[in-house]
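Structure first, then comments.
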Amino acid sequence: MGAVGIIGTGAYLPEKVLTNADLEKMVDTSDEWIVTRTGIRERRMVGENEASSDLAVKAAHQALQSAGITADQLDLIIVATVTPDMSFPATACLVQDRLGAGKAATFDLSAACTGFIYGIATASQFIQNGVYRHALVVGVDCLSKITDFTDRNTCVLFGDGAGAAVLGPVEEGSGFYSFDLGGDGSGGHLLKQSAGGSRMPATQETVKNRLHSISMNGREVFKFAVRVLGASAEETLKKAGLQKEDVDYLVPHQANIRIIETAVKRLGLSQEKVIVNLDRYGNMSSASIPVALDEAVRTGKIRKGDNIVLVGFGGGMTWGSTVLKWTMETQGEV
Ligand code: ACO
């Protein structure tokens, strides 16, 4: 059983920017409300003809380049998303084809904003057991495609993007130390896309009633998020035998600055150790953590030897975290 870690990262953000000022023209909201309640200033939006696989392929190319391997060396591709190109084939299959990763097994994974953590936890098991050597995990979402832009409760929160990581064997004593995954299906109704599945297939009625868009009980999700963010980070540190003082950087899911600040305060971590980019991208669901990670690596913030905690929470409800010792060579300067 060898050590497994992240050996390459990548990200892709669509070019189109939607600012709070743009949203002020669409719904009854204000830049001041959005910034004080969420911390978000702008987010990226895909074009009409772009879909999740397009973003995923671009992030994947970057991650492969950073790992120094080619697509034909991939044994497994997992795409974590709640906005697949279509119900089937899996977006992972579309990505595999476009990358030319002919020998890779492929599947999609649905754990909403925790999808990337579930994805790396799953992929790392195959590598640790010696079944596979290299896995690509992509977190991608185009939430703008399932957002109701007349609903101010949700439309100010979300953005589109993709982040990717290549996993492989790393030197002993580094890579993933622990994972903590959890779910609570009793809260599923708090955050959902009601129609379009086998329970409520698409009809003219479902479209008219906007049941293909995200609906959310923001207050309840907020309370849940604060609780599990801190609890899961603590649990994964405990499993790894580390203390909060050992943490160099925490990369949380980027939903709301108030969720992050409250949870981090309760954890007793300094805010300087927290990677935040939600002001520029909003909540990109499963893409949030890998995009924030990639930025922190490329700017030289996260450096070889650092202890990193990744922690996510989201629809389902789901949560998950991991502690890893960073192994990639330092890429840039802060
Ligand atoms: N602009 C102006 N006013 C607004 C807006 C808006 N965009 N949205 C809501 N309001 C109003 C509400 O209608 C309400 O008005 P009322 O008191 O007259 O009814 C008022 O603002 C306060 O609403 P609250 O819901 O109490 O506001 P809160 O401070 O809780 O902030 C928010 C709302 C930002 C949604 C917060 O609850 C939150 O961040 N929740 C977590 C959301 C989240 O993280 N979701 C993603 C989870 S991850 C995933 O799986 C996708």
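As shown in the structure tokens, the chain order sets the letters A, B, ...; within each chain, residues go from 1, and ligands are also counted from 1 in the order they appear.
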Using only C-alpha atoms and all ligand atoms, what are the residues with an atom within 9 Å of ligand 1, set out as a count of residues only?
-> 58
Picked from segment 61-234 of chain A by DSSP as strand (DSSP E or B), as a PyMOL selection string = chain A and resi 76-80+105-109+135-142+158+160-169+175-183+191-193+214-216
Run DSSP on the backbone and give me the residues of segment 90-133 of chain A it puts in helix (DSSP H, G or I), as number ranges by chain.
-> A: 91-99, 112-128
All residues 10 Å or closer to Leu211 of chain A, only C-alpha atoms, same chain fewer than 6 positions away omitted, as a ChimeraX atom specification | /A:146,148,192-196,200,202-203,205
Create the file for the chosen residues now, containing N, CA and C atoms and written as a CSV table (one decimal), in the first residue's frame.
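Output file selection.csv follows:
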chain,number,residue,atom,x,y,z
A,146,ILE,N,-28.7,25.9,-14.7
A,146,ILE,CA,-29.9,25.4,-14.0
A,146,ILE,C,-30.3,26.5,-12.9
A,148,ASP,N,-32.3,29.9,-11.9
A,148,ASP,CA,-33.5,30.7,-12.2
A,148,ASP,C,-33.1,32.2,-12.0
A,192,LYS,N,-32.0,21.6,-4.1
A,192,LYS,CA,-32.3,20.5,-5.1
A,192,LYS,C,-32.7,21.1,-6.4
A,193,GLN,N,-32.7,20.2,-7.4
A,193,GLN,CA,-33.2,20.5,-8.7
A,193,GLN,C,-34.3,19.5,-8.9
A,194,SER,N,-35.6,19.9,-8.7
A,194,SER,CA,-36.7,18.9,-8.6
A,194,SER,C,-37.0,18.1,-9.8
A,195,ALA,N,-37.0,18.7,-11.0
A,195,ALA,CA,-37.5,18.0,-12.2
A,195,ALA,C,-36.3,17.6,-13.1
A,196,GLY,N,-36.7,16.7,-14.0
A,196,GLY,CA,-35.7,16.3,-15.0
A,196,GLY,C,-35.2,14.8,-14.8
A,200,MET,N,-39.8,13.1,-11.7
A,200,MET,CA,-40.5,14.2,-12.3
A,200,MET,C,-39.9,14.5,-13.7
A,202,ALA,N,-39.3,15.8,-17.5
A,202,ALA,CA,-39.6,17.1,-18.1
A,202,ALA,C,-40.9,17.1,-18.8
A,203,THR,N,-41.7,18.1,-18.4
A,203,THR,CA,-43.0,18.3,-19.1
A,203,THR,C,-43.2,19.8,-19.3
A,205,GLU,N,-45.4,21.5,-18.0
A,205,GLU,CA,-45.7,22.0,-16.6
A,205,GLU,C,-44.4,22.3,-15.8
Measuring atom to atom with only C-alpha atoms, identify which of A:Ile260, A:Val46, A:Ala121, A:Val140 is nearest to Ala92 of chain A.
-> A:Val140
Any idea what's packed within 9 Å of Gly305 of chain A, counting only C-alpha atoms, ignoring anything in its chain fewer than 6 positions away? Could you give it as JSON, numbers by chain?
-> {"A": [174, 325, 326, 327, 328]}
Just want the 10 Å neighbourhood of Glu50 of chain A, counted on only C-alpha atoms, with same-chain residues fewer than 3 positions away dropped. Output as a PDB file with all heavy atoms, in the first residue's frame.
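Result went into out_11.pdb, see below:
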ATOM      1  N   PRO A  14     -14.653  30.174 -17.540  1.00  0.00           N
ATOM      2  CA  PRO A  14     -15.158  30.827 -18.756  1.00  0.00           C
ATOM      3  C   PRO A  14     -14.835  32.316 -18.739  1.00  0.00           C
ATOM      4  O   PRO A  14     -14.705  32.911 -17.669  1.00  0.00           O
ATOM      5  CB  PRO A  14     -16.670  30.616 -18.681  1.00  0.00           C
ATOM      6  CG  PRO A  14     -16.909  29.626 -17.613  1.00  0.00           C
ATOM      7  CD  PRO A  14     -15.724  29.604 -16.715  1.00  0.00           C
ATOM      8  N   MET A  45     -19.489  32.937 -16.347  1.00  0.00           N
ATOM      9  CA  MET A  45     -20.644  32.273 -16.970  1.00  0.00           C
ATOM     10  C   MET A  45     -20.230  31.626 -18.287  1.00  0.00           C
ATOM     11  O   MET A  45     -19.558  32.272 -19.102  1.00  0.00           O
ATOM     12  CB  MET A  45     -21.704  33.308 -17.339  1.00  0.00           C
ATOM     13  CG  MET A  45     -22.071  34.244 -16.241  1.00  0.00           C
ATOM     14  SD  MET A  45     -23.292  33.520 -15.206  1.00  0.00           S
ATOM     15  CE  MET A  45     -24.700  33.548 -16.269  1.00  0.00           C
ATOM     16  N   VAL A  46     -20.670  30.415 -18.514  1.00  0.00           N
ATOM     17  CA  VAL A  46     -20.405  29.783 -19.801  1.00  0.00           C
ATOM     18  C   VAL A  46     -21.270  30.422 -20.882  1.00  0.00           C
ATOM     19  O   VAL A  46     -22.305  31.014 -20.592  1.00  0.00           O
ATOM     20  CB  VAL A  46     -20.708  28.256 -19.789  1.00  0.00           C
ATOM     21  CG1 VAL A  46     -19.648  27.494 -19.067  1.00  0.00           C
ATOM     22  CG2 VAL A  46     -22.096  27.973 -19.247  1.00  0.00           C
ATOM     23  N   GLY A  47     -20.833  30.251 -22.123  1.00  0.00           N
ATOM     24  CA  GLY A  47     -21.625  30.718 -23.259  1.00  0.00           C
ATOM     25  C   GLY A  47     -22.748  29.732 -23.551  1.00  0.00           C
ATOM     26  O   GLY A  47     -22.767  28.611 -23.017  1.00  0.00           O
ATOM     27  N   SER A  53     -18.477  19.440 -20.165  1.00  0.00           N
ATOM     28  CA  SER A  53     -17.332  18.694 -20.711  1.00  0.00           C
ATOM     29  C   SER A  53     -16.310  19.631 -21.356  1.00  0.00           C
ATOM     30  O   SER A  53     -15.106  19.363 -21.325  1.00  0.00           O
ATOM     31  CB  SER A  53     -17.789  17.624 -21.711  1.00  0.00           C
ATOM     32  OG  SER A  53     -18.329  18.233 -22.850  1.00  0.00           O
ATOM     33  N   ASP A  54     -16.772  20.744 -21.948  1.00  0.00           N
ATOM     34  CA  ASP A  54     -15.844  21.689 -22.583  1.00  0.00           C
ATOM     35  C   ASP A  54     -14.899  22.296 -21.546  1.00  0.00           C
ATOM     36  O   ASP A  54     -13.695  22.427 -21.764  1.00  0.00           O
ATOM     37  CB  ASP A  54     -16.620  22.819 -23.275  1.00  0.00           C
ATOM     38  CG  ASP A  54     -17.587  22.290 -24.324  1.00  0.00           C
ATOM     39  OD1 ASP A  54     -17.195  21.371 -25.062  1.00  0.00           O
ATOM     40  OD2 ASP A  54     -18.723  22.781 -24.384  1.00  0.00           O
ATOM     41  N   LEU A  55     -15.461  22.658 -20.403  1.00  0.00           N
ATOM     42  CA  LEU A  55     -14.653  23.247 -19.325  1.00  0.00           C
ATOM     43  C   LEU A  55     -13.740  22.180 -18.722  1.00  0.00           C
ATOM     44  O   LEU A  55     -12.555  22.430 -18.434  1.00  0.00           O
ATOM     45  CB  LEU A  55     -15.562  23.805 -18.219  1.00  0.00           C
ATOM     46  CG  LEU A  55     -16.188  25.177 -18.404  1.00  0.00           C
ATOM     47  CD1 LEU A  55     -17.018  25.266 -19.663  1.00  0.00           C
ATOM     48  CD2 LEU A  55     -17.048  25.541 -17.195  1.00  0.00           C
ATOM     49  N   ASP A  85     -23.246  17.128 -19.109  1.00  0.00           N
ATOM     50  CA  ASP A  85     -23.722  17.577 -20.425  1.00  0.00           C
ATOM     51  C   ASP A  85     -25.136  17.054 -20.677  1.00  0.00           C
ATOM     52  O   ASP A  85     -25.973  17.740 -21.257  1.00  0.00           O
ATOM     53  CB  ASP A  85     -22.806  17.047 -21.540  1.00  0.00           C
ATOM     54  CG  ASP A  85     -21.495  17.822 -21.626  1.00  0.00           C
ATOM     55  OD1 ASP A  85     -21.051  18.357 -20.590  1.00  0.00           O
ATOM     56  OD2 ASP A  85     -20.909  17.878 -22.722  1.00  0.00           O
ATOM     57  N   CYS A 142     -21.680  23.884 -14.377  1.00  0.00           N
ATOM     58  CA  CYS A 142     -22.217  25.050 -15.086  1.00  0.00           C
ATOM     59  C   CYS A 142     -23.559  25.350 -14.436  1.00  0.00           C
ATOM     60  O   CYS A 142     -24.620  25.084 -15.005  1.00  0.00           O
ATOM     61  CB  CYS A 142     -22.408  24.737 -16.566  1.00  0.00           C
ATOM     62  SG  CYS A 142     -20.880  24.396 -17.436  1.00  0.00           S
ATOM     63  N   LYS A 145     -26.617  27.140 -15.956  1.00  0.00           N
ATOM     64  CA  LYS A 145     -27.582  26.454 -16.839  1.00  0.00           C
ATOM     65  C   LYS A 145     -28.807  25.946 -16.086  1.00  0.00           C
ATOM     66  O   LYS A 145     -29.795  25.560 -16.696  1.00  0.00           O
ATOM     67  CB  LYS A 145     -26.889  25.276 -17.536  1.00  0.00           C
ATOM     68  CG  LYS A 145     -25.704  25.668 -18.384  1.00  0.00           C
ATOM     69  CD  LYS A 145     -26.096  25.987 -19.811  1.00  0.00           C
ATOM     70  CE  LYS A 145     -24.853  26.333 -20.600  1.00  0.00           C
ATOM     71  NZ  LYS A 145     -25.021  26.226 -22.032  1.00  0.00           N
TER      72      LYS A 145
END
Separation of atom CA of Ser110 of chain A from atom CA of Thr83 of chain A in Å = 9.2 Å
Name the residues in contact with Gln62 of chain A at a cut-off of 8 Å, using only C-alpha atoms, excluding same-chain residues fewer than 6 positions from it; report them as a list of chain:residue names.
->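 So the residues in contact are A:Thr9, A:Gly10, A:Ala11.
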Find the spatial neighbours of Asn129 of chain A, counting only C-alpha atoms, within a cut-off of 12 Å - ignore same-chain residues fewer than 6 positions away - and output them as number ranges by chain.
-> A: 1-4, 122-123, 168-169
Next, write the just-selected residues to a file, as a compact mmCIF listing (two decimals), in the first residue's frame, keeping N, CA and C atoms as the atom set.
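Contents of the output file selection09.txt:
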# COMPACT_ATOMS: atom_id res chain seq x y z
N MET A 1 0.86 -1.19 0.00
CA MET A 1 0.00 0.00 0.00
C MET A 1 0.89 1.24 0.00
N GLY A 2 0.98 1.93 -1.14
CA GLY A 2 1.87 3.08 -1.23
C GLY A 2 1.18 4.39 -0.95
N ALA A 3 1.99 5.45 -0.81
CA ALA A 3 1.43 6.79 -0.61
C ALA A 3 0.87 7.31 -1.93
N VAL A 4 -0.24 8.04 -1.84
CA VAL A 4 -0.91 8.60 -3.02
C VAL A 4 -1.13 10.09 -2.78
N THR A 122 -12.26 8.55 -3.67
CA THR A 122 -12.51 7.32 -4.43
C THR A 122 -11.29 6.94 -5.27
N ALA A 123 -10.79 7.89 -6.05
CA ALA A 123 -9.68 7.59 -6.95
C ALA A 123 -8.44 7.14 -6.18
N GLY A 168 -1.54 10.31 -8.26
CA GLY A 168 -0.60 9.24 -8.57
C GLY A 168 0.23 8.92 -7.35
N PRO A 169 1.13 7.94 -7.47
CA PRO A 169 2.00 7.59 -6.35
C PRO A 169 2.93 8.75 -6.00
With only C-alpha atoms as the basis for distance, which of A:Leu324, A:Ala67, A:Val264, A:Met26 is at the shortest distance from Ser124 of chain A?
->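 Closest to Ser124 of chain A, using only C-alpha atoms: A:Leu324.
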